[in-house]
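> Just data.cif, nothing more (mmCIF, C-alpha atoms and all ligand atoms):
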```cif
data_final
loop_
_atom_site.label_atom_id
_atom_site.label_comp_id
_atom_site.auth_asym_id
_atom_site.auth_seq_id
_atom_site.Cartn_x
_atom_site.Cartn_y
_atom_site.Cartn_z
CA MET V 1 19.90 -10.26 15.75
CA SER V 2 16.86 -8.07 16.44
CA PHE V 3 16.64 -4.32 16.93
CA THR V 4 17.42 -2.75 20.29
CA GLY V 5 17.32 1.03 20.65
CA LEU V 6 15.32 4.17 21.31
CA ILE V 7 13.50 5.91 18.44
CA ALA V 8 12.28 9.50 18.72
CA ASN V 9 9.11 10.28 16.75
CA ALA V 10 8.96 6.68 15.51
CA TYR V 11 7.63 6.99 11.99
CA ASP V 12 5.84 4.58 9.68
CA SER V 13 6.31 6.47 6.44
CA HIS V 14 3.87 4.48 4.30
CA CYS V 15 0.80 2.99 5.89
CA HIS V 16 -2.95 2.68 5.50
CA PHE V 17 -4.49 4.05 8.69
CA ALA V 18 -8.15 2.95 8.50
CA ALA V 19 -7.34 -0.34 6.76
CA THR V 20 -4.92 -1.22 9.57
CA GLY V 21 -7.78 -1.02 12.06
CA GLU V 22 -10.21 -2.69 9.71
CA MET V 23 -7.79 -5.61 9.34
CA ASN V 24 -8.40 -6.61 12.96
CA GLN V 25 -12.03 -7.23 11.98
CA THR V 26 -11.31 -9.03 8.70
CA LEU V 27 -11.06 -12.76 8.10
CA GLN V 28 -7.33 -13.58 7.84
CA LEU V 29 -6.28 -15.74 4.90
CA ALA V 30 -2.47 -15.54 5.06
CA SER V 31 -2.13 -19.01 6.55
CA LEU V 32 -4.02 -20.76 3.74
CA THR V 33 -1.81 -23.29 1.96
CA SER V 34 -4.42 -24.03 -0.71
CA ALA V 35 -7.59 -22.42 -2.06
CA GLU V 36 -9.63 -25.39 -0.81
CA GLN V 37 -8.76 -24.54 2.81
CA VAL V 38 -11.42 -21.77 2.72
CA LEU V 39 -13.86 -24.65 3.37
CA ASP V 40 -12.43 -24.91 6.92
CA LEU V 41 -12.40 -21.18 7.79
CA ASP V 42 -13.95 -20.00 11.04
CA GLN V 43 -15.98 -16.94 10.15
CA THR V 44 -18.00 -14.81 12.55
CA LYS V 45 -20.40 -11.86 12.33
CA MET V 46 -17.45 -9.51 12.85
CA HIS V 47 -16.07 -10.49 9.42
CA TYR V 48 -19.09 -9.16 7.55
CA ARG V 49 -19.61 -5.71 6.09
CA GLY V 50 -23.35 -5.56 5.47
CA ASP V 51 -24.11 -8.95 3.93
CA TRP V 52 -20.61 -9.35 2.44
CA LEU V 53 -17.98 -11.67 3.88
CA ILE V 54 -14.63 -9.84 3.72
CA GLY V 55 -11.23 -11.53 3.91
CA PHE V 56 -7.62 -10.61 3.30
CA GLY V 57 -4.20 -12.11 2.79
CA TRP V 58 -4.30 -15.10 0.42
CA ASP V 59 -1.26 -15.61 -1.76
CA GLU V 60 -1.18 -18.33 -4.41
CA ASN V 61 2.63 -18.21 -4.41
CA LYS V 62 2.44 -19.97 -1.02
CA TRP V 63 0.21 -22.74 -2.36
CA ALA V 64 1.43 -26.01 -3.84
CA SER V 65 -0.56 -25.35 -7.05
CA GLU V 66 0.75 -21.75 -7.39
CA LEU V 67 -2.41 -21.17 -9.45
CA LEU V 68 -4.85 -18.30 -9.00
CA PRO V 69 -7.99 -19.53 -7.23
CA HIS V 70 -11.47 -19.94 -8.77
CA ARG V 71 -14.84 -18.65 -7.55
CA SER V 72 -16.26 -22.20 -7.54
CA THR V 73 -14.27 -22.89 -4.34
CA LEU V 74 -15.89 -19.89 -2.63
CA ASP V 75 -19.33 -20.98 -3.87
CA GLN V 76 -18.74 -24.44 -2.45
CA ALA V 77 -17.71 -22.99 0.94
CA PHE V 78 -20.18 -20.11 1.28
CA GLY V 79 -23.05 -20.89 -1.10
CA GLU V 80 -24.68 -17.81 -2.55
CA ARG V 81 -23.04 -15.34 -0.16
CA LEU V 82 -21.30 -12.25 -1.43
CA VAL V 83 -17.62 -12.91 -0.72
CA SER V 84 -14.59 -10.73 -1.48
CA PHE V 85 -11.14 -11.93 -0.43
CA SER V 86 -8.22 -9.57 -1.12
CA ARG V 87 -4.85 -10.91 -2.12
CA ALA V 88 -1.92 -10.35 0.29
CA ASP V 89 -0.66 -7.38 -1.75
CA GLY V 90 -4.11 -5.76 -1.84
CA HIS V 91 -3.93 -5.65 -5.64
CA ALA V 92 -6.32 -8.47 -6.50
CA ALA V 93 -9.64 -9.81 -5.23
CA TRP V 94 -11.08 -13.31 -5.34
CA VAL V 95 -14.87 -13.09 -5.35
CA SER V 96 -17.82 -15.48 -5.36
CA THR V 97 -20.19 -16.03 -8.28
CA SER V 98 -22.86 -13.93 -6.52
CA VAL V 99 -20.54 -10.91 -6.72
CA LEU V 100 -20.10 -11.33 -10.49
CA GLN V 101 -23.90 -11.60 -10.80
CA LYS V 102 -24.36 -8.45 -8.70
CA LEU V 103 -21.87 -6.68 -11.00
CA GLY V 104 -24.06 -7.76 -13.92
CA TRP V 105 -21.23 -9.75 -15.53
CA LEU V 106 -22.90 -13.16 -15.14
CA ASN V 107 -26.53 -14.26 -15.42
CA SER V 108 -28.22 -16.34 -12.75
CA ASP V 109 -27.42 -19.45 -14.85
CA GLY V 110 -23.70 -18.61 -14.55
CA LYS V 111 -23.39 -17.62 -18.24
CA LEU V 112 -21.86 -14.36 -19.44
CA ALA V 113 -24.46 -11.57 -19.33
CA GLY V 114 -22.80 -9.62 -22.15
CA PRO V 115 -19.49 -7.99 -22.99
CA LEU V 116 -17.30 -7.43 -19.91
CA PRO V 117 -16.32 -3.85 -19.03
CA ASN V 118 -13.10 -2.48 -20.45
CA THR V 119 -10.65 -2.06 -17.60
CA PRO V 120 -7.46 -0.39 -18.73
CA GLY V 121 -4.75 -1.01 -16.14
CA GLY V 122 -6.52 -4.06 -14.79
CA LYS V 123 -7.36 -7.62 -15.60
CA ILE V 124 -10.49 -9.71 -15.26
CA VAL V 125 -9.05 -13.23 -15.21
CA LEU V 126 -10.95 -15.49 -17.65
CA ASP V 127 -11.18 -19.26 -18.08
CA ASP V 128 -10.64 -21.02 -21.42
CA ALA V 129 -14.24 -20.30 -22.39
CA GLY V 130 -13.79 -16.55 -21.75
CA VAL V 131 -15.86 -16.56 -18.53
CA PRO V 132 -14.52 -14.68 -15.45
CA THR V 133 -12.92 -17.00 -12.88
CA GLY V 134 -13.69 -14.65 -9.99
CA VAL V 135 -10.20 -13.10 -9.76
CA VAL V 136 -9.92 -9.41 -10.63
CA ILE V 137 -6.57 -7.62 -10.63
CA ASP V 138 -5.62 -3.95 -10.11
CA ALA V 139 -8.03 -1.55 -11.89
CA ALA V 140 -10.52 -4.41 -12.45
CA LYS V 141 -10.74 -4.83 -8.66
CA THR V 142 -12.24 -1.34 -8.33
CA HIS V 143 -15.46 -2.67 -9.93
CA VAL V 144 -15.84 -4.85 -6.84
CA ASP V 145 -14.72 -2.12 -4.41
CA HIS V 146 -17.43 0.18 -5.77
CA ILE V 147 -20.29 -2.15 -4.87
CA LEU V 148 -19.05 -3.03 -1.37
CA PRO V 149 -21.38 -1.70 1.35
CA LYS V 150 -20.24 1.71 2.66
CA VAL V 151 -18.46 1.92 6.00
CA SER V 152 -20.53 3.75 8.67
CA SER V 153 -19.07 6.59 10.75
CA HIS V 154 -19.32 4.34 13.80
CA GLN V 155 -17.30 1.63 12.02
CA MET V 156 -14.73 4.18 10.80
CA ASN V 157 -14.30 5.48 14.33
CA SER V 158 -13.66 1.94 15.55
CA PHE V 159 -11.20 1.21 12.70
CA LEU V 160 -9.18 4.36 13.52
CA LEU V 161 -9.07 3.70 17.29
CA SER V 162 -8.07 0.10 16.65
CA ALA V 163 -5.31 1.29 14.27
CA ILE V 164 -3.95 3.79 16.82
CA ALA V 165 -3.74 0.98 19.40
CA GLU V 166 -1.98 -1.20 16.81
CA PHE V 167 0.57 1.55 16.07
CA HIS V 168 1.27 2.10 19.78
CA LYS V 169 1.70 -1.62 20.31
CA ASN V 170 4.34 -1.53 17.59
CA GLY V 171 6.04 1.58 18.93
CA ILE V 172 4.83 3.95 16.18
CA THR V 173 3.85 7.54 17.09
CA HIS V 174 4.07 9.25 13.66
CA ILE V 175 2.49 7.94 10.47
CA ARG V 176 2.20 8.95 6.84
CA ASP V 177 -1.22 7.68 5.80
CA MET V 178 -1.65 6.78 2.14
CA SER V 179 -5.42 6.71 1.75
CA CYS V 180 -8.07 9.05 3.09
CA SER V 181 -11.79 9.18 2.38
CA GLU V 182 -14.05 12.06 3.33
CA LEU V 183 -15.43 9.89 6.15
CA GLN V 184 -11.97 9.07 7.44
CA TRP V 185 -10.95 12.74 7.37
CA ASN V 186 -14.03 13.78 9.35
CA GLU V 187 -13.65 11.00 11.91
CA THR V 188 -9.91 11.77 12.31
CA LEU V 189 -10.69 15.40 13.16
CA LYS V 190 -13.40 14.30 15.60
CA LEU V 191 -10.88 12.04 17.36
CA GLU V 192 -8.41 14.90 17.60
CA GLY V 193 -11.15 17.15 19.00
CA SER V 194 -11.85 14.64 21.75
CA GLY V 195 -8.16 14.12 22.58
CA LEU V 196 -8.10 10.53 21.33
CA LEU V 197 -5.88 11.03 18.28
CA LYS V 198 -2.68 9.98 20.01
CA VAL V 199 -0.71 9.75 16.81
CA ALA V 200 0.77 12.39 14.47
CA ILE V 201 -0.46 12.00 10.89
CA GLU V 202 0.94 13.16 7.58
CA GLN V 203 -2.11 12.81 5.37
CA THR V 204 -2.09 11.97 1.68
CA PHE V 205 -5.21 11.97 -0.48
CA SER V 206 -5.39 9.03 -2.78
CA ALA V 207 -6.98 8.45 -6.19
CA GLU V 208 -7.14 4.67 -6.70
CA THR V 209 -7.86 5.28 -10.40
CA PRO V 210 -7.25 8.46 -12.48
CA ASP V 211 -10.97 9.29 -12.66
CA GLN V 212 -11.07 9.53 -8.86
CA PHE V 213 -8.42 12.26 -8.80
CA ASP V 214 -10.85 15.20 -8.90
CA LYS V 215 -12.79 13.96 -5.90
CA ALA V 216 -9.62 13.34 -3.87
CA TYR V 217 -8.26 16.73 -4.92
CA ASP V 218 -11.43 18.46 -3.78
CA LEU V 219 -11.08 16.84 -0.34
CA ALA V 220 -7.37 17.76 -0.22
CA GLN V 221 -8.13 21.41 -1.02
CA ARG V 222 -10.63 21.58 1.83
CA ALA V 223 -8.28 19.70 4.17
CA MET V 224 -5.48 22.20 3.43
CA LYS V 225 -7.63 24.93 4.99
CA VAL V 226 -8.00 23.00 8.26
CA LYS V 227 -4.73 23.25 10.15
CA THR V 228 -4.64 20.97 13.16
CA ARG V 229 -1.79 20.11 15.47
CA ASN V 230 -1.74 16.37 14.83
CA VAL V 231 -2.78 16.13 11.17
CA LYS V 232 -0.82 17.63 8.27
CA PRO V 233 -1.92 17.23 4.65
CA VAL V 234 1.25 16.43 2.65
CA ALA V 235 0.49 14.87 -0.72
CA MET V 236 -1.89 13.65 -3.39
CA LYS V 237 -1.35 9.99 -4.22
CA VAL V 238 -1.78 8.12 -7.51
CA TYR V 239 -0.83 4.68 -8.83
CA TYR V 240 1.52 4.26 -11.78
CA ASP V 241 1.91 0.47 -11.67
CA GLY V 242 0.77 -2.63 -9.77
CA ALA V 243 2.51 -5.04 -7.40
CA LEU V 244 5.36 -7.51 -7.97
CA GLY V 245 3.55 -10.56 -6.52
CA SER V 246 0.72 -10.32 -9.08
CA GLU V 247 3.21 -9.30 -11.81
CA GLY V 248 1.69 -5.83 -12.09
CA ALA V 249 4.85 -3.84 -11.25
CA LEU V 250 6.06 -2.18 -14.47
CA LEU V 251 9.45 -3.55 -15.53
CA SER V 252 11.95 -2.75 -18.24
CA GLU V 253 12.35 -6.50 -18.93
CA PRO V 254 9.49 -9.04 -19.03
CA TYR V 255 8.62 -11.27 -16.09
CA LYS V 256 10.21 -14.69 -16.53
CA SER V 257 6.73 -16.31 -16.46
CA GLY V 258 5.98 -14.69 -19.81
CA SER V 259 3.11 -12.58 -18.43
CA GLY V 260 4.59 -9.40 -19.93
CA VAL V 261 6.18 -6.32 -18.36
CA GLY V 262 3.43 -5.43 -15.88
CA LEU V 263 0.81 -2.69 -15.77
CA LYS V 264 1.07 0.96 -16.69
CA LEU V 265 -1.87 2.75 -15.07
CA LEU V 266 -1.21 6.39 -16.08
CA THR V 267 -0.07 8.23 -19.20
CA LYS V 268 2.74 10.75 -19.08
CA ASP V 269 0.18 13.55 -19.62
CA GLN V 270 -1.81 12.36 -16.62
CA VAL V 271 1.29 12.22 -14.40
CA GLN V 272 2.28 15.73 -15.43
CA SER V 273 -1.19 17.15 -14.93
CA PHE V 274 -1.43 15.53 -11.45
CA LEU V 275 2.02 16.89 -10.56
CA LYS V 276 0.95 20.41 -11.55
CA LEU V 277 -2.35 20.23 -9.69
CA ALA V 278 -0.71 18.92 -6.49
CA TRP V 279 2.06 21.53 -6.64
CA GLU V 280 -0.51 24.32 -7.19
CA ILE V 281 -1.91 23.67 -3.71
CA ASP V 282 1.50 23.11 -2.07
CA LEU V 283 1.22 19.35 -1.86
CA ALA V 284 3.69 16.79 -3.14
CA LEU V 285 2.60 14.15 -5.63
CA ALA V 286 3.12 10.66 -4.22
CA VAL V 287 3.25 8.02 -6.93
CA HIS V 288 3.00 4.27 -6.41
CA THR V 289 5.99 3.01 -8.40
CA ILE V 290 7.34 -0.46 -7.69
CA GLY V 291 8.98 -1.54 -10.96
CA ASP V 292 12.12 0.07 -12.43
CA LEU V 293 10.30 1.27 -15.57
CA ALA V 294 7.57 2.90 -13.48
CA VAL V 295 10.17 4.81 -11.44
CA LYS V 296 12.04 5.84 -14.60
CA GLU V 297 8.97 7.15 -16.44
CA VAL V 298 7.60 9.07 -13.45
CA VAL V 299 10.98 10.64 -12.68
CA GLU V 300 11.38 11.67 -16.34
CA ALA V 301 7.90 13.21 -16.43
CA ALA V 302 8.69 15.27 -13.31
CA ILE V 303 12.12 16.32 -14.62
CA GLU V 304 10.49 17.84 -17.71
CA LEU V 305 8.34 20.04 -15.45
CA TRP V 306 11.20 21.01 -13.12
CA ASP V 307 13.28 21.93 -16.18
CA GLN V 308 10.44 24.22 -17.28
CA GLY V 309 10.83 26.05 -13.97
CA LEU V 310 7.95 24.48 -12.05
CA THR V 311 8.58 23.62 -8.40
CA GLY V 312 7.21 20.92 -6.15
CA ASP V 313 8.12 17.59 -4.57
CA LEU V 314 7.83 14.08 -5.95
CA HIS V 315 7.36 11.18 -3.56
CA LEU V 316 8.13 7.69 -4.85
CA GLU V 317 6.17 5.03 -2.97
CA HIS V 318 7.91 1.65 -2.65
CA ALA V 319 10.54 2.30 -5.37
CA GLN V 320 11.55 -1.32 -4.95
CA LEU V 321 13.59 -1.46 -8.17
CA ILE V 322 15.57 1.52 -9.51
CA SER V 323 18.13 1.30 -12.31
CA PRO V 324 21.52 3.05 -11.97
CA GLU V 325 20.58 5.40 -14.85
CA THR V 326 17.39 6.50 -13.11
CA LEU V 327 19.26 6.98 -9.83
CA GLU V 328 21.67 9.24 -11.68
CA ALA V 329 18.76 11.27 -13.11
CA MET V 330 17.25 11.64 -9.60
CA LYS V 331 20.39 13.29 -8.22
CA GLY V 332 19.76 16.76 -6.81
CA ARG V 333 16.01 16.64 -7.56
CA PRO V 334 13.29 17.19 -4.90
CA ILE V 335 12.49 13.48 -4.66
CA LYS V 336 11.86 11.44 -1.51
CA CYS V 337 11.52 7.65 -1.48
CA PHE V 338 9.26 5.78 0.92
CA MET V 339 10.50 2.21 1.12
CA GLN V 340 9.51 -1.00 2.93
CA PRO V 341 12.44 -3.40 3.25
CA CYS V 342 10.01 -5.82 4.98
CA HIS V 343 8.45 -6.54 1.56
CA TYR V 344 11.67 -8.43 0.82
CA LEU V 345 10.86 -11.00 3.50
CA SER V 346 7.52 -11.74 1.81
CA ASP V 347 8.78 -11.45 -1.77
CA LYS V 348 12.08 -13.32 -1.56
CA SER V 349 10.37 -16.66 -2.25
CA PHE V 350 9.43 -15.57 -5.76
CA LEU V 351 11.84 -12.78 -6.72
CA LYS V 352 14.32 -15.07 -8.49
CA SER V 353 11.59 -16.87 -10.42
CA LYS V 354 10.01 -13.61 -11.65
CA LEU V 355 12.92 -11.22 -12.24
CA THR V 356 15.97 -11.34 -14.50
CA ASP V 357 19.40 -11.04 -12.86
CA ARG V 358 19.74 -7.49 -14.16
CA LEU V 359 16.49 -6.46 -12.44
CA LEU V 360 17.46 -8.28 -9.23
CA SER V 361 20.52 -6.04 -9.04
CA PHE V 362 18.19 -2.98 -8.86
CA LEU V 363 16.45 -4.12 -5.65
CA PHE V 364 16.21 -1.76 -2.64
CA PRO V 365 18.91 0.75 -3.66
CA TYR V 366 18.75 2.70 -0.38
CA LYS V 367 22.50 2.76 0.07
CA LYS V 368 22.85 4.37 -3.37
CA LEU V 369 20.12 6.91 -2.55
CA GLU V 370 21.97 7.71 0.66
CA ASP V 371 25.30 8.11 -1.14
CA MET V 372 23.60 10.56 -3.54
CA GLY V 373 22.12 12.56 -0.67
CA LEU V 374 18.48 11.72 -1.50
CA GLU V 375 16.01 11.34 1.36
CA PHE V 376 14.34 8.01 2.01
CA TYR V 377 12.28 6.69 4.89
CA PHE V 378 11.22 3.25 6.04
CA GLY V 379 7.65 2.12 6.56
CA SER V 380 5.59 -1.05 6.61
CA ASP V 381 2.68 -0.57 4.17
CA THR V 382 0.45 -1.92 6.96
CA PRO V 383 -1.93 -3.77 6.69
CA ILE V 384 -0.09 -5.32 3.72
CA GLU V 385 2.73 -6.08 6.19
CA PRO V 386 2.45 -5.76 9.99
CA PRO V 387 3.72 -2.37 11.28
CA GLU V 388 6.68 -4.01 13.04
CA VAL V 389 9.82 -1.88 12.96
CA ASN V 390 11.91 -4.97 13.64
CA LEU V 391 10.85 -6.60 10.34
CA ASN V 392 12.53 -3.78 8.40
CA TYR V 393 15.61 -4.23 10.56
CA LEU V 394 15.75 -7.97 9.91
CA ALA V 395 15.07 -7.52 6.18
CA MET V 396 17.83 -4.94 5.90
CA LEU V 397 20.36 -7.25 7.60
CA GLU V 398 19.31 -10.25 5.52
CA MET V 399 19.56 -8.29 2.27
CA ASP V 400 22.97 -6.96 3.30
CA GLN V 401 24.17 -10.56 3.47
CA MET V 402 22.64 -11.20 0.04
CA GLY V 403 24.65 -8.35 -1.43
CA VAL V 404 22.19 -5.43 -1.09
CA PRO V 405 24.20 -3.02 1.05
CA ARG V 406 22.52 -1.50 4.10
CA PRO V 407 22.52 2.27 4.57
CA ALA V 408 25.24 3.80 6.75
CA ALA V 409 22.70 5.92 8.68
CA GLU V 410 21.59 4.59 12.04
CA PHE V 411 18.45 2.48 11.80
CA GLU V 412 16.80 4.75 14.41
CA LEU V 413 16.96 7.65 11.95
CA LEU V 414 15.47 5.73 9.04
CA HIS V 415 12.35 5.09 11.14
CA SER V 416 12.11 8.55 12.71
CA HIS V 417 10.04 11.51 11.53
CA PRO V 418 12.53 14.15 10.35
CA ASP V 419 10.69 17.08 11.98
CA ARG V 420 11.63 16.60 15.64
CA SER V 421 9.67 19.69 16.67
CA TRP V 422 6.36 18.18 15.49
CA ILE V 423 4.76 16.73 18.67
CA GLN V 424 7.63 16.50 21.12
CA ASN V 425 8.36 13.92 23.78
CA CYS V 426 7.56 10.95 21.58
CA HIS V 427 9.89 8.05 22.30
CA SER V 428 9.67 4.35 21.61
CA LYS V 429 11.93 1.82 23.24
CA PHE V 430 12.76 -1.50 21.61
CA VAL V 431 14.59 -4.43 23.22
CA ASP V 432 15.42 -7.43 21.02
CA GLY V 433 12.83 -6.32 18.49
CA LYS V 434 10.05 -6.01 21.10
CA VAL V 435 8.43 -2.74 22.17
CA THR V 436 8.93 -2.10 25.88
CA GLY V 437 7.63 1.47 26.25
CA VAL V 438 6.07 4.22 24.13
CA SER V 439 5.38 7.86 24.97
CA PHE V 440 3.32 10.19 22.78
CA ASP V 441 3.28 13.91 23.53
CA GLY V 442 4.84 13.15 26.91
CA GLU V 443 2.18 10.58 27.88
CA MET V 444 3.07 6.90 28.28
CA VAL V 445 0.74 5.05 25.91
CA ILE V 446 2.48 1.67 26.31
ZN ZN P 501 0.45 1.18 0.31
#
```
Please rewrite the model in this file as structure tokens.
Ligand SMILES: [Zn+2]


Amino acid sequence: MSFTGLIANAYDSHCHFAATGEMNQTLQLASLTSAEQVLDLDQTKMHYRGDWLIGFGWDENKWASELLPHRSTLDQAFGERLVSFSRADGHAAWVSTSVLQKLGWLNSDGKLAGPLPNTPGGKIVLDDAGVPTGVVIDAAKTHVDHILPKVSSHQMNSFLLSAIAEFHKNGITHIRDMSCSELQWNETLKLEGSGLLKVAIEQTFSAETPDQFDKAYDLAQRAMKVKTRNVKPVAMKVYYDGALGSEGALLSEPYKSGSGVGLKLLTKDQVQSFLKLAWEIDLALAVHTIGDLAVKEVVEAAIELWDQGLTGDLHLEHAQLISPETLEAMKGRPIKCFMQPCHYLSDKSFLKSKLTDRLLSFLFPYKKLEDMGLEFYFGSDTPIEPPEVNLNYLAMLEMDQMGVPRPAAEFELLHSHPDRSWIQNCHSKFVDGKVTGVSFDGEMVI
């Protein structure tokens, strides 16, 4: 049964604005059933950024081999081109040999050029001989991101307009955007100035790695001084762990594969100093926490500060696994959770093979959060998942049948921005999961 109803201020509480638009111009890899299928891909000029071929969406869990891919397959398909293909969770990249040469990791003869960079919180996957295979995970992926050609203001403008159209198509009028560059901020304000920003945006400012925090903070401070009707700065964002699919989410019990307990990307001192800095300028700190140990450690770090008399909000992004003890500690604290039930639909194929039964019982505890009176909101994490409200509805029903109780609150409320006075006359109508009409600020946009 799909969702039918009317949502006021339909809200995607965790999304990536520019990347959602960019996705429409990126080579799609989600349908690959083996690494070798890249040989048959139809690529066009649109899929290039500068001289790089950019793709997204591969997932080795869907392949018969279930093995991470190797750069030799990309070299075979695309020769000496620079190729970067992001994994479906956005937490790993599969790159061609030319990229590793451009990074200075490999010589032109394919041999190691010297010691590889130290990447705490990340992993450069190596073959038996200690040579990179072309897959880089979490913090190691940022080496690749840094040498990608910069997006032009013209491209950014087209990404944002394409994303707004995508949100309208899916009935979304209010978003909480999780990543914002200087360029994106400037182009967003330009769109608002010309009346084209037909979406209400809560803006967070993201540091992909701890050393990028200062730069993001500087932008956030300047953004706080610009009050516009449609765009509200709300939080700084940092990453505490990785994703479940690539076994980067930080767990209290090891992954069944034997890969360990996941990645811890920040120290307690770093979390506390980021909390203080965000709170000083009246922003919340939003922390990417997927695994139960990540949630526990971040909550404990914040509690120490609150108990010292400091005030400010903590946002937990994803919070896919929370233990009963951590839930108890969260009670009465200024914590909001931003959750994406739709991740269950993508993750269910591997959850049982990765997680112990104890950890499986911690999945999506929204009913418990609700019973404790803690706020939580649904979102999609687009472009990681499509921004389809109905997917969260279906995931919630399916999990309910699997023993993860659904919240008592009406679904409409879980996908609605809580401030009903912020841009009025926004309504989205859904019939059998499909969007049949959307108004933003009183104007029919669908
Ligand atoms: Zn995200």

> Identify which of the residues V:His47, V:Lys336, V:Arg176, V:His288 lies closest to Cys15 in chain V, counting only C-alpha atoms when measuring atom-to-atom distances.

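Using only C-alpha atoms, the shortest distance to Cys15 in chain V belongs to V:Arg176.
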
> Show me as a VMD selection string the residues that reach within 10 Å of (19.4, 5.8, -0.7), counting only C-alpha atoms and using the file's own coordinates.

chain V and resid 327 336 to 337 339 364 to 377 406 to 409

> Once you count all atoms listed in the file, which residues end up within 9 Å of ligand ZN 501 (chain P), and could you hand them over as an mmCIF file with C-alpha atoms, in the coordinates of the input?


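So result21.cif came out as:
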```cif
data_model
loop_
_atom_site.group_PDB
_atom_site.id
_atom_site.type_symbol
_atom_site.label_atom_id
_atom_site.label_comp_id
_atom_site.auth_asym_id
_atom_site.auth_seq_id
_atom_site.Cartn_x
_atom_site.Cartn_y
_atom_site.Cartn_z
ATOM 1 C CA HIS V 14 3.870 4.480 4.300
ATOM 2 C CA CYS V 15 0.800 2.990 5.890
ATOM 3 C CA HIS V 16 -2.950 2.680 5.500
ATOM 4 C CA ASP V 89 -0.660 -7.380 -1.750
ATOM 5 C CA GLY V 90 -4.110 -5.760 -1.840
ATOM 6 C CA ASP V 177 -1.220 7.680 5.800
ATOM 7 C CA MET V 178 -1.650 6.780 2.140
ATOM 8 C CA SER V 179 -5.420 6.710 1.750
ATOM 9 C CA HIS V 288 3.000 4.270 -6.410
ATOM 10 C CA GLU V 317 6.170 5.030 -2.970
ATOM 11 C CA HIS V 318 7.910 1.650 -2.650
ATOM 12 C CA SER V 380 5.590 -1.050 6.610
ATOM 13 C CA ASP V 381 2.680 -0.570 4.170
ATOM 14 C CA THR V 382 0.450 -1.920 6.960
ATOM 15 C CA PRO V 383 -1.930 -3.770 6.690
ATOM 16 C CA ILE V 384 -0.090 -5.320 3.720
#
```

> Considering only C-alpha atoms, can you say which of V:Ser72, V:Ser98, V:Thr436, V:Ser353 comes closest to Pro254 in chain V?

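Looking only at the distances to Pro254 in chain V, the closest residue turns out to be V:Ser353.
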
> What's the 10 Å shell around Met46 in chain V, counting all atoms listed in the file, without same-chain residues fewer than 6 positions away, as a ChimeraX atom specification?

/V:24-27,53-54

> For range 239-268 of chain V against range 346-350 of chain V, with a cut-off of 12 Å and counting only C-alpha atoms, what is the closest atom pair and its distance in Å to one decimal for every residue that makes the cut, ordered by chain and number, as a tab-separated table?


```
residue	atom	partner	partner_atom	distance
V:Ala243	CA	V:Asp347	CA	10.6
V:Leu244	CA	V:Asp347	CA	8.1
V:Gly245	CA	V:Asp347	CA	7.1
V:Ser246	CA	V:Phe350	CA	10.7
V:Glu247	CA	V:Phe350	CA	10.7
V:Tyr255	CA	V:Phe350	CA	11.2
V:Lys256	CA	V:Phe350	CA	10.8
V:Ser257	CA	V:Phe350	CA	11.1
```

> For Asp40 in chain V, work out the shell of residues within 12 Å, counting all atoms listed in the file and skipping chain neighbours fewer than 5 positions away, then give it as a list in words.

Leu29, Ser31, Leu32, Thr33, Ser34, Ala35, Thr73, Leu74, Gln76, Ala77 and Phe78 of chain V

> Excluding same-chain residues fewer than 4 positions from Gly195 in chain V, what lies within 12 Å of it counting only C-alpha atoms, as a VMD selection string?

chain V and resid 161 188 to 191 199 229 to 230 441

> I need the chosen residues saved as a tab-separated table (two decimals), keeping the file's coordinate frame, with C-alpha atoms.


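Below is the file that was written, part-v8.tsv:
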```tsv
chain	number	residue	atom	x	y	z
V	161	LEU	CA	-9.07	3.70	17.29
V	188	THR	CA	-9.91	11.77	12.31
V	189	LEU	CA	-10.69	15.40	13.16
V	190	LYS	CA	-13.40	14.30	15.60
V	191	LEU	CA	-10.88	12.04	17.36
V	199	VAL	CA	-0.71	9.75	16.81
V	229	ARG	CA	-1.79	20.11	15.47
V	230	ASN	CA	-1.74	16.37	14.83
V	441	ASP	CA	3.28	13.91	23.53
```

> Would you list the contacts of Val136 in chain V as number ranges by chain, taking every protein, DNA or RNA residue within 8 Å and counting all atoms listed in the file, but skipping same-chain residues closer than 4 positions in sequence?

V: 92-94, 122-125, 140-141

> Go through V:Leu67, V:Val95, V:Leu6, V:Leu316 and flag the residue nearest His143 in chain V, using all atoms listed in the file for the distances.

V:Val95

> Using Å and a single decimal, report how far CA of Glu22 in chain V sits from CA of Ala163 in chain V.

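We find that CA of Ala163 in chain V and CA of Glu22 in chain V lie 7.8 Å from each other.
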
> Excluding Ala284 in chain V and its own-chain neighbours fewer than 2 positions away, which residues fall within 7 Å of it when counting all atoms listed in the file? Please give them as a VMD selection string.

chain V and resid 234 to 236 278 to 279 282 286 312 to 315

> Determine, for each residue of range 214-307 of chain V having at least one atom at most 12 Å from an atom of range 181-184 of chain V, the closest pair of atoms and their separation in Å to one decimal, counting only C-alpha atoms; order by chain and ascending number, as JSON lines.


```
{"residue": "V:Lys215", "atom": "CA", "partner": "V:Glu182", "partner_atom": "CA", "distance": 9.5}
{"residue": "V:Ala216", "atom": "CA", "partner": "V:Ser181", "partner_atom": "CA", "distance": 7.8}
{"residue": "V:Tyr217", "atom": "CA", "partner": "V:Ser181", "partner_atom": "CA", "distance": 11.1}
{"residue": "V:Asp218", "atom": "CA", "partner": "V:Glu182", "partner_atom": "CA", "distance": 9.9}
{"residue": "V:Leu219", "atom": "CA", "partner": "V:Glu182", "partner_atom": "CA", "distance": 6.7}
{"residue": "V:Ala220", "atom": "CA", "partner": "V:Glu182", "partner_atom": "CA", "distance": 9.5}
{"residue": "V:Gln221", "atom": "CA", "partner": "V:Glu182", "partner_atom": "CA", "distance": 11.9}
{"residue": "V:Arg222", "atom": "CA", "partner": "V:Glu182", "partner_atom": "CA", "distance": 10.2}
{"residue": "V:Ala223", "atom": "CA", "partner": "V:Glu182", "partner_atom": "CA", "distance": 9.6}
```
